[in-house]
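The file upload.cif contains mmCIF, C-alpha atoms:
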data_input
loop_
_atom_site.label_atom_id
_atom_site.label_comp_id
_atom_site.auth_asym_id
_atom_site.auth_seq_id
_atom_site.Cartn_x
_atom_site.Cartn_y
_atom_site.Cartn_z
CA MET A 15 0.00 0.00 0.00
CA ALA A 16 1.19 3.50 -0.82
CA GLN A 17 2.71 5.63 1.92
CA THR A 18 2.07 9.33 2.24
CA ILE A 19 5.00 11.16 3.81
CA SER A 20 4.80 14.82 4.75
CA ILE A 21 8.06 16.71 5.08
CA HIS A 22 7.93 19.78 7.22
CA SER A 23 9.94 22.38 9.06
CA TYR A 24 8.88 24.96 11.59
CA ARG A 25 10.81 27.75 9.87
CA GLY A 26 11.93 28.40 6.31
CA GLY A 27 15.52 27.94 5.15
CA THR A 28 16.01 24.54 6.77
CA GLY A 29 16.63 22.84 3.42
CA LYS A 30 13.22 21.19 3.35
CA SER A 31 12.64 21.31 -0.42
CA ASN A 32 16.16 20.19 -1.19
CA THR A 33 15.85 17.32 1.27
CA SER A 34 12.44 16.30 -0.10
CA ALA A 35 13.75 16.18 -3.68
CA ASN A 36 16.81 14.15 -2.74
CA LEU A 37 14.76 11.72 -0.64
CA ALA A 38 12.47 11.24 -3.64
CA VAL A 39 15.47 10.36 -5.82
CA LEU A 40 16.80 7.83 -3.30
CA LEU A 41 13.35 6.26 -2.89
CA ALA A 42 13.02 5.95 -6.68
CA ARG A 43 16.50 4.47 -6.97
CA ALA A 44 15.33 1.79 -4.53
CA GLY A 45 12.80 0.82 -7.22
CA ASN A 46 9.76 2.82 -6.10
CA ARG A 47 7.25 4.93 -7.97
CA VAL A 48 7.36 8.28 -6.20
CA GLY A 49 5.25 11.43 -6.39
CA VAL A 50 6.41 14.75 -4.96
CA VAL A 51 3.77 17.39 -4.34
CA ASP A 52 4.81 20.97 -3.69
CA THR A 53 2.16 22.16 -1.23
CA ASP A 54 4.42 25.04 -0.22
CA ILE A 55 2.01 27.09 -2.30
CA HIS A 56 3.07 30.39 -0.69
CA SER A 57 6.72 30.00 -1.68
CA PRO A 58 7.12 27.13 -4.15
CA GLY A 59 10.59 26.02 -5.11
CA ILE A 60 11.12 22.30 -5.40
CA HIS A 61 10.85 22.34 -9.23
CA VAL A 62 14.19 24.22 -9.28
CA VAL A 63 15.97 21.31 -7.58
CA PHE A 64 14.65 19.01 -10.30
CA GLY A 65 16.10 21.39 -12.91
CA ARG A 66 12.77 22.33 -14.43
CA ALA A 67 11.93 25.79 -15.69
CA PRO A 68 8.50 26.98 -14.55
CA SER A 69 7.63 27.61 -18.23
CA SER A 70 7.83 23.85 -18.84
CA PHE A 71 4.75 23.33 -16.69
CA GLN A 72 1.40 24.01 -18.30
CA ARG A 73 -0.51 22.99 -15.18
CA SER A 74 0.12 23.26 -11.46
CA LEU A 75 -1.42 22.10 -8.19
CA ASN A 76 -3.23 25.42 -8.07
CA ASP A 77 -5.16 24.54 -11.26
CA PHE A 78 -6.34 21.32 -9.66
CA LEU A 79 -7.34 23.05 -6.41
CA TRP A 80 -9.39 25.56 -8.40
CA GLY A 81 -11.10 22.81 -10.39
CA ARG A 82 -9.44 23.64 -13.70
CA CYS A 83 -7.98 20.18 -14.33
CA PRO A 84 -7.71 16.66 -12.94
CA VAL A 85 -4.73 16.34 -10.62
CA GLU A 86 -2.74 13.98 -12.86
CA GLU A 87 -2.62 16.70 -15.51
CA ALA A 88 -0.44 18.69 -13.09
CA ALA A 89 1.94 15.74 -12.61
CA TYR A 90 5.19 15.84 -14.60
CA ASP A 91 7.40 12.82 -15.12
CA VAL A 92 10.93 13.92 -14.13
CA THR A 93 12.42 10.41 -14.05
CA THR A 94 15.05 11.07 -16.74
CA THR A 95 16.50 14.13 -14.99
CA ALA A 96 16.20 12.59 -11.55
CA ILE A 97 17.48 9.04 -11.99
CA GLY A 98 18.49 8.74 -15.62
CA GLN A 99 17.44 7.67 -19.08
CA ALA A 100 17.80 3.92 -18.48
CA ALA A 101 15.31 3.92 -15.63
CA ALA A 102 12.92 6.11 -17.57
CA GLU A 103 12.92 3.73 -20.53
CA ASP A 104 12.14 0.70 -18.40
CA ASP A 105 8.34 0.39 -18.43
CA HIS A 106 8.37 -1.49 -15.15
CA GLY A 107 11.07 0.70 -13.62
CA PRO A 108 10.80 3.35 -10.94
CA ARG A 109 9.30 6.75 -11.64
CA ILE A 110 9.39 10.23 -10.16
CA PHE A 111 6.50 12.59 -10.74
CA LEU A 112 6.57 16.22 -9.70
CA ILE A 113 3.39 18.12 -8.97
CA PRO A 114 4.52 21.76 -8.85
CA SER A 115 2.81 24.77 -7.36
CA SER A 116 2.26 27.83 -9.47
CA ILE A 117 5.02 30.42 -9.30
CA LYS A 118 2.77 33.09 -10.82
CA THR A 119 2.51 35.95 -8.34
CA GLY A 120 -1.17 36.44 -9.01
CA GLU A 121 -1.97 32.80 -8.36
CA ILE A 122 0.08 32.74 -5.15
CA ALA A 123 -1.77 35.87 -4.00
CA ARG A 124 -5.10 34.19 -4.70
CA ILE A 125 -4.18 31.21 -2.53
CA LEU A 126 -3.03 33.53 0.26
CA ARG A 127 -6.28 35.43 0.02
CA GLU A 128 -8.72 32.55 -0.30
CA GLY A 129 -6.89 29.56 1.15
CA TYR A 130 -7.91 26.28 -0.42
CA ASP A 131 -10.14 23.31 0.16
CA VAL A 132 -8.11 20.78 2.09
CA ALA A 133 -10.59 18.00 1.41
CA ARG A 134 -10.03 18.55 -2.29
CA LEU A 135 -6.26 18.40 -1.76
CA ASN A 136 -6.74 15.10 0.06
CA ASP A 137 -8.79 13.78 -2.88
CA GLY A 138 -5.95 14.88 -5.16
CA PHE A 139 -3.41 12.89 -3.14
CA ARG A 140 -5.54 9.76 -3.40
CA GLU A 141 -6.05 10.26 -7.13
CA LEU A 142 -2.31 10.67 -7.67
CA ILE A 143 -1.58 7.46 -5.77
CA ARG A 144 -4.21 5.56 -7.76
CA VAL A 145 -3.64 6.94 -11.29
CA LEU A 146 0.17 7.08 -11.12
CA ARG A 147 0.33 3.77 -9.15
CA LEU A 148 2.60 5.37 -6.54
CA ASP A 149 4.47 3.58 -3.77
CA PHE A 150 5.33 6.84 -2.02
CA LEU A 151 3.77 10.28 -2.10
CA LEU A 152 6.00 12.99 -0.60
CA ILE A 153 4.35 16.22 0.47
CA ASP A 154 6.65 19.23 0.66
CA THR A 155 4.71 21.38 3.14
CA HIS A 156 4.63 25.06 3.91
CA PRO A 157 6.71 26.05 6.99
CA GLY A 158 4.87 27.05 10.13
CA VAL A 159 1.56 25.80 11.42
CA ASN A 160 -1.45 26.80 9.34
CA GLU A 161 -4.61 24.77 8.88
CA GLU A 162 -3.69 23.32 5.48
CA THR A 163 -0.28 22.19 6.68
CA LEU A 164 -1.66 20.63 9.86
CA LEU A 165 -4.18 18.68 7.82
CA SER A 166 -1.55 17.47 5.37
CA ILE A 167 0.42 16.24 8.36
CA ALA A 168 -2.64 14.63 9.93
CA ILE A 169 -3.51 12.54 6.86
CA SER A 170 0.09 11.31 6.37
CA ASP A 171 1.40 7.88 7.30
CA ALA A 172 4.73 9.36 8.32
CA PHE A 173 5.91 12.81 9.26
CA VAL A 174 9.49 13.92 8.62
CA LEU A 175 10.38 16.98 10.66
CA ILE A 176 13.50 18.91 9.65
CA LEU A 177 15.27 21.35 11.93
CA ARG A 178 18.62 23.09 12.21
CA PRO A 179 20.63 22.84 15.41
CA ASP A 180 19.64 26.23 16.81
CA GLN A 181 17.56 27.28 19.76
CA GLN A 182 14.72 28.95 17.84
CA ASP A 183 14.19 25.92 15.58
CA PHE A 184 14.41 23.65 18.59
CA GLN A 185 11.59 25.26 20.54
CA GLY A 186 9.33 25.87 17.53
CA THR A 187 9.77 22.34 16.20
CA ALA A 188 8.72 20.95 19.56
CA VAL A 189 5.36 22.70 19.18
CA THR A 190 4.79 21.20 15.72
CA LEU A 191 5.78 17.80 17.08
CA GLU A 192 3.24 17.98 19.91
CA LEU A 193 0.53 19.01 17.45
CA ALA A 194 1.40 16.06 15.19
CA ARG A 195 1.07 13.74 18.21
CA LYS A 196 -2.33 15.22 19.04
CA LEU A 197 -3.32 14.66 15.40
CA ASP A 198 -2.43 11.01 15.88
CA VAL A 199 0.44 10.78 13.38
CA ARG A 200 1.83 7.29 13.90
CA LYS A 201 5.36 7.64 12.61
CA ILE A 202 7.43 10.73 13.40
CA LEU A 203 11.01 10.99 12.14
CA ILE A 204 13.43 13.80 12.99
CA VAL A 205 16.11 15.05 10.59
CA ILE A 206 18.71 17.60 11.70
CA ASN A 207 20.14 19.61 8.82
CA LYS A 208 23.04 22.04 8.39
CA ILE A 209 25.11 20.69 11.29
CA PRO A 210 28.39 22.66 11.53
CA PRO A 211 31.47 20.44 11.19
CA ALA A 212 32.83 21.22 14.65
CA MET A 213 29.60 20.37 16.47
CA ASP A 214 29.45 17.28 18.68
CA ARG A 215 27.00 15.16 16.69
CA GLU A 216 26.31 12.54 19.34
CA LEU A 217 25.59 15.16 21.98
CA LEU A 218 23.26 16.89 19.55
CA ARG A 219 21.40 13.68 18.76
CA GLN A 220 21.04 12.91 22.46
CA GLN A 221 19.68 16.33 23.31
CA VAL A 222 17.13 16.26 20.50
CA GLU A 223 15.98 12.68 21.14
CA ASP A 224 15.71 13.25 24.89
CA ALA A 225 13.68 16.41 24.46
CA TYR A 226 11.46 15.20 21.58
CA ARG A 227 11.09 11.50 22.48
CA ALA A 228 11.32 10.76 18.73
CA PRO A 229 14.11 9.16 16.70
CA VAL A 230 16.67 11.29 14.87
CA VAL A 231 17.02 9.36 11.59
CA GLY A 232 19.34 11.70 9.71
CA MET A 233 22.06 14.13 10.73
CA LEU A 234 22.98 16.14 7.66
CA PRO A 235 26.26 18.05 7.76
CA LEU A 236 26.46 21.66 6.67
CA SER A 237 28.04 21.28 3.26
CA HIS A 238 29.88 23.65 0.96
CA GLU A 239 28.96 21.45 -1.97
CA MET A 240 25.25 21.76 -1.15
CA ALA A 241 25.60 25.53 -0.79
CA GLU A 242 27.48 25.81 -4.07
CA LEU A 243 24.91 23.65 -5.84
CA ALA A 244 22.42 26.34 -4.69
CA SER A 245 19.39 24.16 -5.43
CA GLY A 246 20.64 23.92 -9.01
CA GLY A 247 20.62 20.14 -9.07
CA LEU A 248 20.19 16.94 -7.14
CA PHE A 249 22.89 16.53 -4.52
CA VAL A 250 22.70 12.73 -4.20
CA ASN A 251 23.35 12.40 -7.94
CA ARG A 252 26.22 14.87 -7.99
CA PHE A 253 27.91 13.64 -4.79
CA PRO A 254 26.98 9.95 -4.39
CA GLN A 255 29.79 9.27 -1.89
CA HIS A 256 29.33 12.36 0.27
CA PRO A 257 28.54 11.94 4.00
CA LEU A 258 25.40 14.01 3.38
CA THR A 259 24.20 11.45 0.81
CA ARG A 260 24.86 8.65 3.30
CA GLU A 261 22.76 10.41 5.93
CA LEU A 262 19.95 10.93 3.43
CA SER A 263 20.08 7.18 2.70
CA ASN A 264 19.55 6.57 6.42
CA VAL A 265 16.44 8.75 6.30
CA VAL A 266 15.14 6.75 3.33
CA ALA A 267 15.80 3.51 5.20
CA ALA A 268 13.80 4.83 8.16
CA ILE A 269 10.94 5.89 5.86
CA GLN A 270 10.86 2.46 4.22
CA ASP A 271 11.27 0.61 7.50
CA GLY A 272 7.98 -1.07 8.32
CA SER A 273 6.26 0.46 5.29
CA VAL A 274 6.06 -2.90 3.52
CA GLY A 275 2.98 -4.79 4.54
CA SER A 276 1.91 -2.23 7.12
CA THR A 277 -1.71 -1.27 7.41
CA MET B 20 54.71 8.56 22.40
CA SER B 21 51.37 10.34 22.61
CA SER B 22 52.97 13.49 21.24
CA LEU B 23 53.27 11.71 17.88
CA ALA B 24 49.59 10.79 17.68
CA ILE B 25 47.82 12.33 14.71
CA SER B 26 44.36 12.94 13.42
CA LEU B 27 43.38 12.76 9.76
CA GLU B 28 40.61 15.03 8.62
CA LEU B 29 38.71 14.40 5.41
CA LEU B 30 37.92 17.89 4.11
CA GLU B 31 34.82 18.94 2.20
CA ALA B 32 37.04 21.10 -0.03
CA HIS B 33 40.61 22.38 -0.21
CA GLN B 34 41.26 24.22 3.07
CA GLY B 35 37.64 23.51 3.94
CA HIS B 36 35.88 22.09 6.97
CA PRO B 37 36.45 18.49 8.01
CA VAL B 38 33.53 16.18 7.31
CA GLN B 39 35.07 13.13 8.97
CA SER B 40 38.15 12.47 11.09
CA TRP B 41 40.25 9.57 12.35
CA GLU B 42 42.91 9.35 15.08
CA PHE B 43 46.00 7.19 15.15
CA ALA B 44 48.86 6.55 17.55
CA SER B 45 52.46 6.64 16.43
CA ASP B 46 52.88 2.86 16.43
CA GLU B 47 50.21 2.38 13.78
CA THR B 48 50.57 2.05 10.05
CA VAL B 49 47.70 3.86 8.43
CA VAL B 50 46.45 2.67 5.05
CA ILE B 51 44.22 5.11 3.20
CA GLY B 52 42.08 3.79 0.36
CA ARG B 53 38.75 2.80 -1.07
CA ALA B 54 39.13 -0.84 0.04
CA ARG B 55 37.01 -1.75 3.06
CA GLU B 56 40.00 -3.13 4.95
CA SER B 57 41.85 0.20 4.84
CA ASN B 58 42.35 2.02 8.15
CA VAL B 59 40.87 5.10 6.54
CA VAL B 60 38.15 4.05 4.12
CA ILE B 61 37.21 6.75 1.61
CA GLY B 62 34.39 5.77 -0.70
CA ASN B 63 35.28 8.06 -3.56
CA PRO B 64 35.68 6.89 -7.18
CA TYR B 65 38.90 8.93 -7.57
CA VAL B 66 40.55 7.12 -4.67
CA SER B 67 42.47 3.92 -5.42
CA ARG B 68 41.70 0.76 -3.48
CA THR B 69 44.97 1.26 -1.62
CA HIS B 70 45.97 4.84 -2.24
CA ALA B 71 48.49 5.94 0.37
CA CYS B 72 50.17 4.87 3.55
CA LEU B 73 51.24 6.81 6.66
CA ARG B 74 53.78 5.53 9.17
CA VAL B 75 56.27 6.84 11.71
CA ASN B 76 59.91 6.46 10.77
CA ASP B 77 62.76 7.95 12.72
CA GLY B 78 60.40 9.98 14.89
CA ARG B 79 58.47 11.61 12.04
CA TRP B 80 55.36 10.77 10.06
CA GLU B 81 55.92 9.85 6.43
CA LEU B 82 53.31 9.68 3.70
CA SER B 83 53.92 7.45 0.73
CA SER B 84 51.65 6.98 -2.24
CA THR B 85 50.79 3.44 -3.25
CA SER B 86 48.57 4.57 -6.13
CA SER B 87 49.43 5.34 -9.74
CA HIS B 88 47.51 8.60 -9.19
CA GLY B 89 49.91 9.70 -6.44
CA VAL B 90 49.19 12.34 -3.82
CA ILE B 91 49.20 16.09 -4.44
CA VAL B 92 50.96 18.32 -1.91
CA ASP B 93 51.36 22.07 -2.44
CA GLY B 94 50.16 21.69 -6.01
CA ARG B 95 52.76 19.06 -6.89
CA ARG B 96 52.41 15.35 -7.42
CA ARG B 97 54.46 13.43 -4.89
CA ASP B 98 55.11 9.80 -4.12
CA PHE B 99 56.68 10.46 -0.75
CA VAL B 100 56.48 13.35 1.69
CA VAL B 101 57.29 14.04 5.35
CA ILE B 102 54.21 15.30 7.15
CA SER B 103 54.04 18.27 9.50
CA ASP B 104 51.14 19.61 11.57
CA GLY B 105 48.54 21.06 9.21
CA THR B 106 49.83 19.37 6.05
CA GLU B 107 47.08 19.06 3.45
CA PHE B 108 47.24 16.58 0.62
CA ARG B 109 44.97 15.40 -2.12
CA LEU B 110 44.45 11.79 -3.15
CA GLY B 111 45.21 12.05 -6.87
CA GLY B 112 44.44 15.01 -9.09
CA GLN B 113 40.66 14.63 -8.72
CA GLY B 114 40.25 13.06 -5.30
CA PRO B 115 39.35 14.42 -1.88
CA TRP B 116 41.56 16.54 0.39
CA ILE B 117 42.94 15.32 3.70
CA ARG B 118 44.54 17.36 6.48
CA ILE B 119 46.86 16.03 9.16
CA ARG B 120 46.79 17.44 12.67
CA TRP B 121 49.18 16.67 15.51
CA LYS B 122 47.24 15.43 18.48
CA THR B 123 48.05 17.48 21.57
CA SER B 124 49.74 15.69 24.45
CA GLU B 125 47.66 14.35 27.32
CA SER B 126 48.36 17.28 29.61
CA ASP B 127 47.25 19.63 26.86
CA GLU B 128 44.05 17.69 26.40
CA GLU B 129 43.28 17.93 30.10
CA SER B 130 43.61 21.67 30.06
CA GLN B 131 41.47 21.79 26.92
CA THR B 132 38.56 20.02 28.50
CA ILE B 133 38.07 22.85 30.97
CA THR B 134 37.94 25.48 28.25
CA PHE B 135 34.38 26.02 27.09
CA ASP B 136 33.85 25.68 23.38
CA PRO B 137 30.39 26.96 22.40
CA VAL B 138 30.47 25.35 18.94
CA ARG B 139 30.96 21.81 20.24
CA THR B 140 28.08 21.92 22.67
CA PRO B 141 24.74 22.70 21.05
CA LEU B 142 23.02 23.06 24.45
CA LEU B 143 19.55 23.14 23.02
CA VAL B 144 17.11 23.79 25.80
CA LEU B 145 13.40 23.23 25.68
CA ASP B 146 11.25 25.53 27.77
CA PRO B 147 8.43 23.18 28.81
CA ASP B 148 6.13 25.94 30.07
CA GLN B 149 6.45 27.92 26.86
CA LEU B 150 5.86 24.71 24.90
CA ALA B 151 2.72 23.86 26.86
CA ASP B 152 1.41 27.43 26.46
CA GLU B 153 2.00 27.50 22.72
CA VAL B 154 0.47 24.08 22.15
CA GLU B 155 -2.53 24.99 24.27
CA GLU B 156 -2.99 28.25 22.42
CA ILE B 157 -3.39 26.29 19.18
CA THR B 158 -5.32 23.30 20.48
CA GLU B 159 -7.84 24.97 22.79
CA GLY B 160 -11.10 26.10 21.27
CA ASP B 161 -13.01 24.82 18.29
CA PHE B 162 -10.41 25.50 15.56
CA PHE B 163 -8.32 22.49 16.51
CA GLU B 164 -11.37 20.39 17.32
CA ARG B 165 -12.78 20.99 13.83
CA LEU B 166 -9.36 20.26 12.37
CA THR B 167 -9.11 16.96 14.22
CA GLU B 168 -12.60 15.96 13.11
CA LEU B 169 -11.86 16.80 9.49
CA ALA B 170 -8.56 14.90 9.65
CA THR B 171 -10.29 11.85 11.09
CA ARG B 172 -12.95 11.98 8.38
CA LEU B 173 -10.37 12.39 5.61
CA LYS B 174 -8.28 9.54 6.98
CA LYS B 175 -11.31 7.26 7.12
CA SER B 176 -12.31 8.10 3.57
CA SER B 177 -8.74 7.38 2.47
CA ASP B 178 -8.79 3.83 3.81
CA PRO B 179 -9.72 1.44 1.04
#
What's the structure tokens form of this structure?
Amino acid sequence: MAQTISIHSYRGGTGKSNTSANLAVLLARAGNRVGVVDTDIHSPGIHVVFGRAPSSFQRSLNDFLWGRCPVEEAAYDVTTTAIGQAAAEDDHGPRIFLIPSSIKTGEIARILREGYDVARLNDGFRELIRVLRLDFLLIDTHPGVNEETLLSIAISDAFVLILRPDQQDFQGTAVTLELARKLDVRKILIVINKIPPAMDRELLRQQVEDAYRAPVVGMLPLSHEMAELASGGLFVNRFPQHPLTRELSNVVAAIQDGSVGST
Amino acid sequence: MSSLAISLELLEAHQGHPVQSWEFASDETVVIGRARESNVVIGNPYVSRTHACLRVNDGRWELSSTSSHGVIVDGRRRDFVVISDGTEFRLGGQGPWIRIRWKTSESDEESQTITFDPVRTPLLVLDPDQLADEVEEITEGDFFERLTELATRLKKSSDP
């Protein structure tokens, strides 16, 4: 059965979109059909990581939410860019589909003004899973706690919470975590991103796990390479041997752990 | 003896931050390579299975290349070099950078442990009262109740 995974951070700038895109690639490389939905409608960006110009999308999630098209019309197959030609040509091979949000200022403003129907978004997720025969649907959420984001989290099978090792993220993330528990999210995974090289990683892990009572499944080092890539590509493809890639693989293992045959 | 102990730091870039480090005493021979049985395993396609070797000879650390790609020190390809504190070398022309550091003697280490280094200790502190207040602020009242109901309904309708 397909797993819906929402990926969230309390504040912006944690590397959430970049992490989501790279997790999608690693999940696909493990043989899965993966969909990535950009529900960060207020500040979309994940399409950039997949190397797609906004002009290459005729439809977006916004069009679906406003009833202009079925959701699968806003899904773009990015398998070739993400995991290569060979995989894309194999009919039974893995796939990555990207469902972008509109980057048109007017359309972003409309969403900010009117919000959107979360029940319809939920229907869209189910349609995507069914029509595209997905194994995993990743939801790149909007930072902070608004109603739409909380609902996306609530309907997910797993919740990946990304934070940086700083005090403000630490306190704010704890609030989101408590809300997710109250919303009965069964599987909560913590990822710490942008860890400075000199920081004591084990001490950091201990502090976070003790305070949050949730497993830290990835500790991503602050990386020059990631900064230089500046969202202009997929890190795990460019630096397959990098410690950051290894940590992302651990996150993927934790996501997949128990997902086979679970209810 | 301990004054000859070294640490090897795998750097993210030339003169960059270390991403991984290893420590060795002076009586060890340190093999660096891609092979799993190396003392320092570097999973990088530009690194040879057995790329270089570090050992103490005559009271000083010597680095010798065992790879046809050699090691690069100060911009020059070398097959053998005597290491000093802070020496940086590259495994082949395309490979990763490594920096050598002298480990401080035991008495130095003791005095270091009492100096406070803010970078090493994240000291993240959760304020439980603030947390409880903020959570309550969101969850009290009918907004969160409606949200929970809607979530439950959506989850039910999602189950096949």
Could you spell out the hits of the PyMOL selection byres ((chain B) within 9 of (chain A)) on the shown file, as a short mmCIF file (atom, residue, chain, number, x, y, z; two decimals) with C-alpha atoms, keeping the file's coordinate frame?
data_model
loop_
_atom_site.label_atom_id
_atom_site.label_comp_id
_atom_site.auth_asym_id
_atom_site.auth_seq_id
_atom_site.Cartn_x
_atom_site.Cartn_y
_atom_site.Cartn_z
CA GLU B 31 34.82 18.94 2.20
CA ALA B 32 37.04 21.10 -0.03
CA GLY B 35 37.64 23.51 3.94
CA HIS B 36 35.88 22.09 6.97
CA PRO B 37 36.45 18.49 8.01
CA VAL B 38 33.53 16.18 7.31
CA GLN B 39 35.07 13.13 8.97
CA ILE B 61 37.21 6.75 1.61
CA GLY B 62 34.39 5.77 -0.70
CA ASN B 63 35.28 8.06 -3.56
CA PRO B 64 35.68 6.89 -7.18
CA PRO B 137 30.39 26.96 22.40
CA VAL B 138 30.47 25.35 18.94
CA ARG B 139 30.96 21.81 20.24
CA THR B 140 28.08 21.92 22.67
CA PRO B 141 24.74 22.70 21.05
CA LEU B 142 23.02 23.06 24.45
CA LEU B 143 19.55 23.14 23.02
CA VAL B 144 17.11 23.79 25.80
CA LEU B 145 13.40 23.23 25.68
CA ASP B 146 11.25 25.53 27.77
CA GLN B 149 6.45 27.92 26.86
CA LEU B 150 5.86 24.71 24.90
CA ALA B 151 2.72 23.86 26.86
CA GLU B 153 2.00 27.50 22.72
CA VAL B 154 0.47 24.08 22.15
CA ILE B 157 -3.39 26.29 19.18
CA THR B 158 -5.32 23.30 20.48
CA PHE B 162 -10.41 25.50 15.56
CA PHE B 163 -8.32 22.49 16.51
CA LEU B 166 -9.36 20.26 12.37
CA THR B 167 -9.11 16.96 14.22
CA LEU B 169 -11.86 16.80 9.49
CA ALA B 170 -8.56 14.90 9.65
CA THR B 171 -10.29 11.85 11.09
CA LEU B 173 -10.37 12.39 5.61
CA LYS B 174 -8.28 9.54 6.98
CA SER B 177 -8.74 7.38 2.47
#
Find the nearest atom pair between each residue of range 63-109 of chain B and range 114-120 of chain B for residues within 8 Å, count all atoms listed in the file, give distances in Å to one decimal, sort rows by chain and ascending number, and present the table as a Markdown table.
| residue | atom | partner | partner_atom | distance |
| --- | --- | --- | --- | --- |
| B:Asn63 | CA | B:Gly114 | CA | 7.3 |
| B:Pro64 | CA | B:Gly114 | CA | 7.9 |
| B:Tyr65 | CA | B:Gly114 | CA | 4.9 |
| B:Val66 | CA | B:Gly114 | CA | 6.0 |
| B:Ile102 | CA | B:Ile119 | CA | 7.7 |
| B:Ser103 | CA | B:Ile119 | CA | 7.5 |
| B:Asp104 | CA | B:Arg120 | CA | 5.0 |
| B:Gly105 | CA | B:Ile119 | CA | 5.3 |
| B:Thr106 | CA | B:Ile119 | CA | 5.4 |
| B:Glu107 | CA | B:Arg118 | CA | 4.3 |
| B:Phe108 | CA | B:Ile117 | CA | 5.4 |
| B:Arg109 | CA | B:Trp116 | CA | 4.4 |
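Between CA of Asp77 in chain A and CA of Phe64 in chain A the interatomic distance comes to 20.6 Å.
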Which residues would end up in the selection if the PyMOL selection byres ((chain A and resi 40-42) around 8) were applied here, given that I need the answer as a ChimeraX atom specification?
/A:36-39,43-48,97,108-110,250,263,266
Selected residues written out with C-alpha atoms, as an mmCIF file, in the coordinates of the input:
data_model
loop_
_atom_site.group_PDB
_atom_site.id
_atom_site.type_symbol
_atom_site.label_atom_id
_atom_site.label_comp_id
_atom_site.auth_asym_id
_atom_site.auth_seq_id
_atom_site.Cartn_x
_atom_site.Cartn_y
_atom_site.Cartn_z
ATOM 1 C CA ASN A 36 16.810 14.150 -2.740
ATOM 2 C CA LEU A 37 14.760 11.720 -0.640
ATOM 3 C CA ALA A 38 12.470 11.240 -3.640
ATOM 4 C CA VAL A 39 15.470 10.360 -5.820
ATOM 5 C CA ARG A 43 16.500 4.470 -6.970
ATOM 6 C CA ALA A 44 15.330 1.790 -4.530
ATOM 7 C CA GLY A 45 12.800 0.820 -7.220
ATOM 8 C CA ASN A 46 9.760 2.820 -6.100
ATOM 9 C CA ARG A 47 7.250 4.930 -7.970
ATOM 10 C CA VAL A 48 7.360 8.280 -6.200
ATOM 11 C CA ILE A 97 17.480 9.040 -11.990
ATOM 12 C CA PRO A 108 10.800 3.350 -10.940
ATOM 13 C CA ARG A 109 9.300 6.750 -11.640
ATOM 14 C CA ILE A 110 9.390 10.230 -10.160
ATOM 15 C CA VAL A 250 22.700 12.730 -4.200
ATOM 16 C CA SER A 263 20.080 7.180 2.700
ATOM 17 C CA VAL A 266 15.140 6.750 3.330
#
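Take the candidates A:Thr93, A:Thr155, A:Asn76, A:Ser23 and check each one against Ile117 in chain A using only C-alpha atoms; the shortest distance goes to A:Asn76.
If you count only C-alpha atoms and ignore residues fewer than 4 places along the chain from range 71-86 of chain B, what sits within 7 Å of it is Ser45, Glu47, Thr48, Val49, Val50, Ile51, Gly52, Ser67, Val90, Asp98, Phe99, Val100, Val101 and Ile102 of chain B.
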Any chance you could export the current selection's C-alpha atoms as an mmCIF file, in the coordinates of the input?
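In the end it all went to again17.cif:
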data_model
loop_
_atom_site.group_PDB
_atom_site.id
_atom_site.type_symbol
_atom_site.label_atom_id
_atom_site.label_comp_id
_atom_site.auth_asym_id
_atom_site.auth_seq_id
_atom_site.Cartn_x
_atom_site.Cartn_y
_atom_site.Cartn_z
ATOM 1 C CA SER B 45 52.460 6.640 16.430
ATOM 2 C CA GLU B 47 50.210 2.380 13.780
ATOM 3 C CA THR B 48 50.570 2.050 10.050
ATOM 4 C CA VAL B 49 47.700 3.860 8.430
ATOM 5 C CA VAL B 50 46.450 2.670 5.050
ATOM 6 C CA ILE B 51 44.220 5.110 3.200
ATOM 7 C CA GLY B 52 42.080 3.790 0.360
ATOM 8 C CA SER B 67 42.470 3.920 -5.420
ATOM 9 C CA VAL B 90 49.190 12.340 -3.820
ATOM 10 C CA ASP B 98 55.110 9.800 -4.120
ATOM 11 C CA PHE B 99 56.680 10.460 -0.750
ATOM 12 C CA VAL B 100 56.480 13.350 1.690
ATOM 13 C CA VAL B 101 57.290 14.040 5.350
ATOM 14 C CA ILE B 102 54.210 15.300 7.150
#
What separation in Å, quoted to one decimal, exists between CA of Gly29 in chain A and CA of Phe249 in chain A?
11.9 Å
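Between CA of Pro68 in chain A and CA of Gly247 in chain A there is a distance of 15.0 Å.
Proximity of A:Arg127, A:Lys201, A:His106, A:Arg25 to Asp271 in chain A, computed with all atoms listed in the file, is greatest for A:Lys201.
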Axis-aligned box for range 61-74 of chain B, 5 Å per side, centre and edges in Å as AutoDock Vina command-line options:
--center_x 44.1 --center_y 4.8 --center_z 0.8 --size_x 29.4 --size_y 18.2 --size_z 26.7
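Counting all atoms listed in the file, the residue from A:Ser245, A:Thr163, A:Gln17, A:Gln99 that sits nearest to His61 in chain A is A:Ser245.
Shortest atom-to-atom contact with Arg200 in chain A among A:Cys83, A:Ala172, A:Leu177, A:Ala100: A:Ala172, counting all atoms listed in the file.
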